[in-house]
Each structure stands twice: as C-alpha cells, then as structure tokens.
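With mmCIF, C-alpha atoms inside, this is target_16.cif:
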```
data_upload
#
loop_
_atom_site.label_atom_id
_atom_site.label_comp_id
_atom_site.auth_asym_id
_atom_site.auth_seq_id
_atom_site.Cartn_x
_atom_site.Cartn_y
_atom_site.Cartn_z
CA MET A 1 -18.80 22.82 29.68
CA THR A 2 -15.56 24.04 31.32
CA GLN A 3 -14.96 26.49 28.47
CA GLU A 4 -18.52 27.79 28.76
CA LYS A 5 -18.12 28.17 32.54
CA LEU A 6 -14.88 30.14 32.13
CA GLY A 7 -16.57 32.36 29.57
CA MET A 8 -19.46 33.01 31.98
CA ILE A 9 -17.05 33.81 34.81
CA LEU A 10 -15.06 36.25 32.69
CA GLY A 11 -18.30 37.79 31.45
CA SER A 12 -19.13 38.58 35.07
CA VAL A 13 -15.63 39.97 35.59
CA ALA A 14 -16.15 42.24 32.57
CA LYS A 15 -19.39 43.59 34.04
CA LYS A 16 -17.60 44.37 37.31
CA MET A 17 -14.78 46.11 35.40
CA HIS A 18 -17.36 48.26 33.60
CA ALA A 19 -19.00 49.11 36.93
CA ASP A 20 -15.65 50.04 38.50
CA PHE A 21 -14.86 52.11 35.41
CA GLU A 22 -18.13 54.02 35.76
CA GLN A 23 -17.33 54.63 39.42
CA SER A 24 -13.94 56.06 38.45
CA ARG A 25 -15.75 58.74 36.44
CA ASN A 26 -16.66 60.35 39.77
CA PHE A 27 -13.01 61.12 40.57
CA ASN A 28 -12.36 64.84 40.35
CA HIS A 29 -8.69 64.43 39.44
CA ASN A 30 -7.96 63.00 36.00
CA GLY A 31 -4.76 61.40 37.29
CA GLU A 32 -6.66 59.47 39.95
CA ALA A 33 -9.22 58.29 37.38
CA GLY A 34 -6.49 57.18 34.98
CA ALA A 35 -4.58 55.33 37.71
CA SER A 36 -7.79 53.59 38.77
CA ARG A 37 -8.51 52.39 35.23
CA GLU A 38 -4.96 51.19 34.74
CA ALA A 39 -5.26 49.29 38.04
CA LEU A 40 -8.37 47.50 36.76
CA ILE A 41 -6.53 46.24 33.69
CA ARG A 42 -3.37 45.41 35.63
CA GLU A 43 -5.37 43.39 38.15
CA PHE A 44 -6.97 41.37 35.35
CA PHE A 45 -3.63 40.79 33.63
CA SER A 46 -2.05 39.64 36.90
CA GLY A 47 -4.60 36.85 37.16
CA TYR A 48 -3.84 35.37 33.73
CA LEU A 49 -0.17 36.04 33.07
CA PRO A 50 2.29 33.16 33.56
CA SER A 51 3.84 33.12 37.03
CA HIS A 52 7.24 34.40 35.84
CA VAL A 53 5.71 37.56 34.32
CA GLU A 54 4.65 40.52 36.48
CA ALA A 55 2.44 43.48 35.55
CA VAL A 56 3.52 46.84 37.02
CA HIS A 57 2.18 50.34 36.41
CA SER A 58 3.56 53.89 36.47
CA ALA A 59 6.95 52.98 35.08
CA GLU A 60 9.66 54.23 32.76
CA ILE A 61 11.93 51.92 30.81
CA VAL A 62 15.64 52.70 30.45
CA ALA A 63 18.21 51.20 28.10
CA SER A 64 21.90 50.75 28.88
CA GLY A 65 22.71 53.36 26.22
CA GLY A 66 20.85 56.01 28.23
CA GLN A 67 17.60 56.13 26.23
CA VAL A 68 14.39 56.45 28.25
CA SER A 69 10.86 55.51 27.22
CA PRO A 70 7.78 57.66 27.74
CA GLN A 71 5.89 56.83 30.93
CA CYS A 72 4.09 53.53 30.32
CA ASP A 73 0.65 52.69 31.68
CA ILE A 74 1.45 49.02 32.32
CA VAL A 75 4.76 47.22 31.82
CA LEU A 76 5.04 43.42 31.76
CA ILE A 77 8.38 42.39 33.22
CA ASP A 78 10.33 39.36 34.41
CA ARG A 79 9.76 38.74 38.13
CA GLY A 80 13.52 38.70 38.64
CA THR A 81 13.80 42.36 37.60
CA PRO A 82 15.91 44.39 40.07
CA PRO A 83 14.06 47.44 41.44
CA PHE A 84 16.21 50.30 40.11
CA THR A 85 13.98 52.57 42.11
CA THR A 86 10.54 52.29 43.61
CA LEU A 87 9.27 55.63 44.87
CA ASN A 88 5.57 55.94 45.70
CA GLY A 89 4.89 52.99 43.40
CA TYR A 90 6.87 54.47 40.48
CA ARG A 91 9.51 52.22 38.95
CA ILE A 92 12.42 52.52 36.55
CA ILE A 93 12.96 49.25 34.70
CA PRO A 94 15.93 48.06 32.60
CA ASN A 95 14.72 47.30 29.08
CA GLU A 96 16.29 43.84 29.02
CA CYS A 97 13.74 42.72 31.64
CA VAL A 98 10.70 43.99 29.72
CA TYR A 99 8.39 41.53 27.97
CA GLY A 100 5.63 43.92 26.97
CA VAL A 101 3.91 47.28 27.38
CA VAL A 102 0.18 47.98 27.58
CA GLU A 103 -1.41 51.32 26.80
CA VAL A 104 -4.76 51.84 28.55
CA LYS A 105 -7.27 54.29 27.07
CA THR A 106 -10.61 55.53 28.36
CA LYS A 107 -12.09 56.05 24.90
CA LEU A 108 -10.03 55.10 21.88
CA ASP A 109 -10.20 57.48 18.93
CA LYS A 110 -7.70 58.26 16.18
CA ALA A 111 -5.58 60.61 18.31
CA GLN A 112 -5.45 58.17 21.24
CA LEU A 113 -4.65 55.27 18.92
CA VAL A 114 -1.77 57.15 17.29
CA ASP A 115 -0.45 58.16 20.72
CA ALA A 116 -0.46 54.52 21.88
CA CYS A 117 1.14 53.26 18.65
CA GLU A 118 3.90 55.87 18.82
CA LYS A 119 4.70 54.93 22.43
CA ILE A 120 4.87 51.23 21.61
CA ALA A 121 7.12 51.89 18.61
CA LYS A 122 9.43 54.06 20.71
CA VAL A 123 9.77 51.38 23.39
CA ARG A 124 10.56 48.77 20.74
CA ARG A 125 13.41 50.95 19.45
CA LEU A 126 15.21 50.75 22.81
CA GLY A 127 18.19 48.41 22.77
CA LYS A 128 18.37 45.08 24.61
CA VAL A 129 22.09 44.35 24.85
CA ALA A 130 23.02 44.20 28.56
CA TYR A 131 22.90 40.45 29.08
CA ARG A 132 25.52 38.30 30.76
CA PRO A 133 26.67 35.36 28.59
CA VAL A 134 26.14 31.88 29.99
CA PRO A 135 29.04 29.56 28.98
CA GLY A 136 27.95 26.33 27.34
CA LEU A 137 24.35 27.45 26.89
CA ILE A 138 22.79 26.55 23.54
CA PRO A 139 21.97 29.92 21.91
CA ARG A 140 18.29 30.76 22.27
CA SER A 141 16.26 32.98 19.97
CA THR A 142 12.70 34.13 19.33
CA SER A 143 11.11 34.51 15.91
CA ALA A 144 8.68 37.43 15.64
CA TYR A 145 7.76 40.29 13.28
CA GLY A 146 9.50 38.44 10.44
CA LYS A 147 12.88 38.49 12.22
CA ASN A 148 14.93 36.37 14.62
CA PHE A 149 15.98 37.92 17.94
CA ASN A 150 18.50 36.72 20.52
CA PHE A 151 16.12 38.06 23.19
CA PHE A 152 12.35 38.15 23.73
CA PRO A 153 11.16 41.24 21.79
CA THR A 154 8.87 43.65 23.60
CA SER A 155 5.21 43.16 22.80
CA GLY A 156 2.73 46.04 22.62
CA MET A 157 -0.99 45.93 23.41
CA ILE A 158 -3.69 48.61 23.52
CA VAL A 159 -6.69 48.15 25.85
CA ALA A 160 -9.63 50.57 25.94
CA PHE A 161 -12.82 50.79 27.96
CA ASP A 162 -14.63 52.29 24.98
CA SER A 163 -13.85 53.39 21.44
CA LEU A 164 -15.18 54.65 18.17
CA ASN A 165 -16.71 52.00 15.93
CA LEU A 166 -14.22 49.11 15.90
CA GLU A 167 -14.07 49.10 12.11
CA THR A 168 -13.14 52.79 12.19
CA ILE A 169 -10.35 52.03 14.66
CA GLY A 170 -9.15 49.27 12.33
CA ASN A 171 -9.02 51.73 9.42
CA HIS A 172 -7.01 54.20 11.52
CA LEU A 173 -4.63 51.43 12.60
CA MET A 174 -4.02 50.32 9.02
CA ASP A 175 -3.33 53.93 8.04
CA TRP A 176 -0.74 54.27 10.81
CA CYS A 177 0.93 50.92 10.09
CA GLY A 178 1.12 51.50 6.33
CA GLY A 179 4.73 51.90 5.21
CA ARG A 180 6.12 50.93 8.62
CA ASP A 181 8.01 47.78 9.55
CA PRO A 182 5.88 45.23 11.49
CA ILE A 183 8.31 45.60 14.42
CA GLU A 184 6.62 48.97 15.06
CA TRP A 185 3.01 47.74 14.89
CA PRO A 186 1.02 47.00 18.05
CA ASP A 187 0.36 43.28 18.52
CA SER A 188 -3.33 43.71 19.30
CA VAL A 189 -6.06 46.21 20.23
CA TRP A 190 -8.80 45.35 22.74
CA VAL A 191 -12.00 47.29 23.49
CA LEU A 192 -14.28 46.18 26.31
CA GLY A 193 -17.81 45.46 25.16
CA LYS A 194 -16.90 45.61 21.46
CA GLY A 195 -14.13 43.24 20.39
CA HIS A 196 -10.51 43.21 19.36
CA LEU A 197 -8.15 43.68 16.42
CA GLN A 198 -5.45 41.11 15.75
CA TRP A 199 -3.10 40.16 12.92
CA THR A 200 -3.52 37.08 10.75
CA ASP A 201 -0.87 34.74 9.39
CA PRO A 202 -0.17 35.66 5.73
CA GLU A 203 0.02 31.96 4.77
CA ASN A 204 -2.92 30.27 6.53
CA GLY A 205 -5.06 33.20 7.70
CA ASN A 206 -5.01 32.12 11.37
CA LEU A 207 -4.72 34.71 14.12
CA ASN A 208 -1.13 35.33 15.17
CA ARG A 209 0.09 36.67 18.48
CA SER A 210 2.26 39.18 16.57
CA PRO A 211 2.21 40.65 13.06
CA LEU A 212 4.38 39.39 10.22
CA PRO A 213 5.23 41.03 6.88
CA GLY A 214 2.13 40.59 4.72
CA SER A 215 -0.22 40.11 7.70
CA SER A 216 -3.83 41.26 7.44
CA LEU A 217 -5.74 42.92 10.27
CA MET A 218 -8.75 40.99 11.56
CA GLN A 219 -11.70 42.52 13.42
CA VAL A 220 -13.21 40.10 15.95
CA ASP A 221 -16.43 41.22 17.61
CA ALA A 222 -17.12 40.22 21.20
CA VAL A 223 -19.61 37.44 21.95
CA PRO A 224 -22.72 39.06 23.55
CA GLY A 225 -22.73 38.52 27.31
CA GLN A 226 -19.13 37.31 27.38
CA ASP A 227 -17.16 40.39 26.32
CA ILE A 228 -13.47 40.19 25.32
CA LEU A 229 -11.92 38.85 28.52
CA LEU A 230 -11.81 35.16 27.56
CA PRO A 231 -9.94 35.72 24.26
CA MET A 232 -7.72 38.30 26.00
CA ALA A 233 -6.87 35.81 28.77
CA LEU A 234 -6.00 33.20 26.14
CA HIS A 235 -3.93 35.77 24.24
CA LEU A 236 -1.94 36.61 27.39
CA ASN A 237 -1.24 32.95 28.03
CA ILE A 238 -0.17 32.24 24.44
CA HIS A 239 1.89 35.41 24.10
CA PHE A 240 3.84 35.26 27.37
CA SER A 241 4.00 31.60 28.40
CA ASP A 242 7.33 31.29 26.56
CA ALA A 243 8.69 34.73 27.50
CA TRP A 244 12.33 34.46 28.56
CA MET A 245 15.48 36.48 29.21
CA HIS A 246 19.22 35.93 29.55
CA PRO A 247 20.82 36.92 32.90
CA LEU A 248 20.82 40.71 33.22
CA ASP A 249 24.21 42.46 33.20
CA LEU A 250 24.05 45.73 35.17
CA VAL A 251 27.65 46.75 34.39
CA PRO A 252 26.73 48.57 31.11
CA TYR A 253 24.20 50.64 33.07
CA SER A 254 26.97 52.04 35.27
CA GLY A 255 28.50 53.74 32.22
CA ALA A 256 31.43 55.99 33.08
CA THR A 257 30.34 56.39 36.71
CA PRO A 258 33.40 55.92 38.99
CA LEU A 259 33.09 52.76 41.08
CA GLY A 260 35.81 53.80 43.53
CA PHE A 261 39.54 54.56 43.66
CA ALA A 262 42.16 51.82 43.80
CA VAL A 263 44.71 52.92 46.40
CA LYS A 264 46.58 49.76 47.43
CA LYS A 265 47.14 46.20 46.23
CA TRP A 266 48.60 43.26 48.14
CA SER A 267 50.49 40.48 46.39
CA PHE A 268 52.44 37.38 47.44
#
```
Show me, as structure tokens, the structure contained in the file I just sent.
Amino acid sequence: MTQEKLGMILGSVAKKMHADFEQSRNFNHNGEAGASREALIREFFSGYLPSHVEAVHSAEIVASGGQVSPQCDIVLIDRGTPPFTTLNGYRIIPNECVYGVVEVKTKLDKAQLVDACEKIAKVRRLGKVAYRPVPGLIPRSTSAYGKNFNFFPTSGMIVAFDSLNLETIGNHLMDWCGGRDPIEWPDSVWVLGKGHLQWTDPENGNLNRSPLPGSSLMQVDAVPGQDILLPMALHLNIHFSDAWMHPLDLVPYSGATPLGFAVKKWSF
C-alpha cells in the first residue's frame, strides 16, 4: 500500500512537472526556458538525494591540474564543498567534491544524446587527486565501471522531457558506447512519460546503477499513470546513498600562485 501511495504521489508530481514544462515554452528567451527546465529537475532531485549530497545548477567543474569542464546543467556535489565562486548563482566547483552530473534535454534526439554523452565523458576524464590524507584511516575505495577507485567516481545521468522513440534512443546510445570504455558511458537515461535506459549486470541480468564491461542496455517503459519518477527516486537513493569523499586539499589548486613573501623569521 505504501509503495502504491508513493507511486501515486510521484505520478502527480510528474503531471505538475509536465505542466510547468509546458508553461516554460512561453518564455521568449531560450536561456530562461532552459534554466526553468533545469530547475524543475534540480528541485525533484533535491527531494530524493541523501542529505549529504546537494544538487546545484549553472556550474563549471575544475581540476587541480587546470582542466575545466563544459558548463553542466546540474552538478551533484558534497554539501561540504567550498564555494570557489558564486556569482549570480553560477558556481565553480573542485572536481574532488563532485559526485555526479546531470544533462537536461528538452527533446532528446541523436544529436542531443551525443552532446550529453560527450560532456559526461569529458567530466569523467578530469582528475581527482587533491585530497588530504587522513593518518590511520583504513583505505576506502569504490568499485564501478569494472575498476576500483580510491575516490567516488563521477556518475552521469541524462534526463529529458521528451525524446524520439525510446528504442531509437537506445540504438543511438549503443552506437555511441560501442568501442568505448564503460567509464565513458552514461549511467542512465530518463525520459518523462516514456521510460528509462539502464545497464544490466553481465552475470545475473539485474539492473545496475552503473555499467560494467559486458553490460547490456535495458529499456524499461514507464508504468501508465505513474511515469518514471518512482524508479528515478529509487535510483538516486541507491546511487548516492554511499557517495563519499576524502578531505579536500586546496593547496594543489593554488599552483604556482605566490602566497606571500617571507621577510623575517624569529627564533629562540
């Protein structure tokens, strides 16, 4: 009964999101419409992410080596992330604090899918090395994409308000992923009113939160009247409930920038 009630509630939320999306079509400026649609998704994510994960929009991600990501629609970060800069809602975020990125599309077609996949792959290539060691701490790691990481690797999701036929999107996604390492693949694709695409475990066929070598892509159609929000809420909980990070070390971000001039020293 509780599960059915949650599904009904989220079905109502989906209808409101569709209504707000239709209202955003009346905006004359494409930037305003895009920001409004991103805000709808960010607001939903904020309600179902674990408390230590925050969803922010209009952000760039920087690595300690100087690399910069493309502008990301939504970035999922640790709540302890220092605000490098916040100007009119725009943020620059150190990559070590990033748990995931979300690309939001109005209508997903092949070109939009490729654009989102390329952005996710580029973010994943940014280094995560500026952590401060904690003496005595048992080394922690995360297993994903067929590898072990000494940090929480950045996830990548694509969310769309509409799309081509979902099977067609699945074909385009398989074409893009073919020949690439799973670390570059998006973790999932979600289309309101239609369903979602997710990777299956190569051994047991169950849905995985992230792809593995040998994974198959599964198309899951939305339940009529419920939409995709219940499975997406569960996916957010499963994917980010164990998100973690070592203490951030800002020293590598200072690079060769002078920190001052030593002019005198006192000694006993």
Check: Around (-0.2, 35.0, 34.7) in the file's own coordinates, what residues are found within 12 Å if you use all atoms listed in the file, given back as a VMD selection string?
Finding: chain A and resid 42 to 55 76 to 79 232 to 243
Discussion item. When you look at region 175-182 of chain A with a cut-off of 7 Å (counting only C-alpha atoms), what residues show up, excluding the ones that are within fewer than 2 positions of it in the same chain? I need them as a count of residues only.
Written reply: 9
Please enumerate the residues selected by the PyMOL selection byres ((chain A and resi 83) around 12) when evaluated against the supplied file, formatted as a compact mmCIF listing (two decimals) with C-alpha atoms, keeping the file's coordinate frame.
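Everything below was put into out.txt:
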```
# COMPACT_ATOMS: atom_id res chain seq x y z
CA VAL A 56 3.52 46.84 37.02
CA ALA A 59 6.95 52.98 35.08
CA GLU A 60 9.66 54.23 32.76
CA ILE A 61 11.93 51.92 30.81
CA ILE A 77 8.38 42.39 33.22
CA ASP A 78 10.33 39.36 34.41
CA ARG A 79 9.76 38.74 38.13
CA GLY A 80 13.52 38.70 38.64
CA THR A 81 13.80 42.36 37.60
CA PRO A 82 15.91 44.39 40.07
CA PHE A 84 16.21 50.30 40.11
CA THR A 85 13.98 52.57 42.11
CA THR A 86 10.54 52.29 43.61
CA LEU A 87 9.27 55.63 44.87
CA GLY A 89 4.89 52.99 43.40
CA TYR A 90 6.87 54.47 40.48
CA ARG A 91 9.51 52.22 38.95
CA ILE A 92 12.42 52.52 36.55
CA ILE A 93 12.96 49.25 34.70
CA PRO A 94 15.93 48.06 32.60
CA CYS A 97 13.74 42.72 31.64
CA LEU A 250 24.05 45.73 35.17
```
- Give me the residues within 8 Å of region 133-139 of chain A as a count of residues only, counting all atoms listed in the file and dropping any in the same chain fewer than 6 places off. 3
Check which residues satisfy the PyMOL selection byres ((chain A and resi 190) around 9) in the file shown, then give them as a ChimeraX atom specification. /A:157-161,188-189,191-192,194-198,228,232
Within 12 Å of Asn206 (chain A), counting only C-alpha atoms, which residues show up once you throw out same-chain ones fewer than 4 positions away? Write them as JSON, numbers by chain, please. {"A": [198, 199, 200, 201, 202, 210, 211, 212, 215, 216, 217, 218]}
Suppose you want the space between CA of Glu96 (chain A) and CA of Pro186 (chain A); what is it in Å?
->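 Answer for the CA of Glu96 (chain A) to CA of Pro186 (chain A) separation: 19.1 Å.
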